[in-house]
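Notes for the one structure printed next.
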Amino acid sequence: MRIEEITDLAPWTALIADVNGDPAFADPNHPGQEEMTNKLRKSMEQQDEKILGIYRDDEPAGLFVLLVSEEDRNIEAGVCLTRSAEACEALAAYLQGKYPGFQVDFVFNPGNQPLKEMLTGKGATFEPEQQYMELTGETVPADTEGIELLTDAYYEQYCALHNKDMFWTGEKTAADPDFFRIFIAVENGQVAGYLDVTWPKEENYIFDILVAEDSRCRGWGRKLLARAIEMNRPAGMALDVNVDNEPARHLYEKMGFTRVEGKNKITATVQMAINN
């Protein structure tokens, strides 16, 4: 197997069409030929992204997009187009050789068994499968009293409450106001919950929503969603939810979100060993 960084998509058109046209292997974030091609072209323009092509006997076997953060020693493998177990193993060997000690987060189609088997063999941890949902319907009216945009006064509380088991921690999210809006729920002067959402795009994505354990069952999740949707209009909005989280899915459906078939995903994290 041979690996090289791709600067010309022409030789890869057939593989992109074949793999990304198969529901079991299509990229969940960029389904379809045109959407994927646009994504790859944009990736070529980014200094911190690279497109790796893997060949078997000079024939395209796999195409992967890596977002590399040297500072954080983290890599996001956000596009994984392959049917080949050999290509998956070749990618793993490349990552181990070039990025020892890095954490690599893969986001991929749940049907991609070759990739899943490679990651399992490397000791990866897997998040539950997630259902993709888009805001398509009318939102049930909700009182949004107590919902505010994050300010310096609540920064420390927000960061302390924030989910730590993710790349976009509270500190990183708050440090990027040109990419994120942060809504907080304030109860008796304390941060009871938060919602992180991208902006200002044509369709914005909810990265994280969390309500403190002692503040649950008081409607804060609905309030956070209602305020985020209200300020997001007229843009679109989307999110992912664990397929087995029925209460959360029910809430999102009540707030106007609809399940989109063919865009479910799995996230897996693998740690590259440090070479001796």
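Residues in the structure tokens are numbered from 1 in each chain, the chains being A, B, ... in the order shown, and ligands are numbered from 1 in the order shown.
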Can you build me a table of region 150-241 of chain A residues sitting at most 12 Å from region 17-35 of chain A, with the closest atom pair per residue and its distance in Å to one decimal, using only C-alpha atoms, sorted by chain and residue number, as CSV?
```
residue,atom,partner,partner_atom,distance
A:Tyr205,CA,A:Asn29,CA,11.6
A:Ala238,CA,A:Asn29,CA,11.3
A:Leu239,CA,A:Asn29,CA,11.4
A:Asp240,CA,A:Asn29,CA,10.9
```
With only C-alpha atoms counted and 9 Å as the cut-off, give the residues of region 214-259 of chain A in contact with region 110-133 of chain A, each with its shortest interatomic distance in Å and the pair that gives it, as a tab-separated table.
```
residue	atom	partner	partner_atom	distance
A:Met237	CA	A:Met133	CA	8.7
A:Ala238	CA	A:Met133	CA	5.6
A:Leu239	CA	A:Met133	CA	5.5
A:Asp240	CA	A:Tyr132	CA	4.5
A:Val241	CA	A:Gln130	CA	5.1
A:Asn242	CA	A:Gln130	CA	4.3
A:Val243	CA	A:Gln130	CA	5.3
A:Asp244	CA	A:Pro128	CA	8.1
A:Arg249	CA	A:Gln131	CA	8.8
A:Tyr252	CA	A:Met133	CA	8.3
A:Glu253	CA	A:Met133	CA	8.7
A:Phe257	CA	A:Met133	CA	5.8
A:Thr258	CA	A:Met133	CA	5.1
A:Arg259	CA	A:Met133	CA	4.4
```
Who sits within 10 Å of Val107 (chain A), only C-alpha atoms, same chain under 5 positions skipped, as a PyMOL selection string: chain A and resi 27-29+76-80+127+265-269
Top pick for closest residue to Gly53 (chain A), considering A:Gln103, A:Asn245, A:Thr173, A:Thr82 and counting only C-alpha atoms: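 Closest to Gly53 (chain A) of all the choices is A:Thr82.
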Point-to-point distance from CA of Thr139 (chain A) to CA of Glu213 (chain A), Å rounded to tenths: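 Between CA of Thr139 (chain A) and CA of Glu213 (chain A) the gap works out to 25.2 Å.
Close contacts of region 175-190 of chain A, defined as residues with an atom at most 6 Å away when counting only C-alpha atoms, with chain neighbours fewer than 5 positions off set aside, comprise Gly146, Ile147, Glu148, Leu149, Leu150, Leu195, Asp196, Val197, Thr198 and Trp199 of chain A.
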DSSP says strand (DSSP E) for which residues of region 146-257 of chain A? Put them as a ChimeraX atom specification? /A:147-149,180-187,190-198,203-211,236-242,257
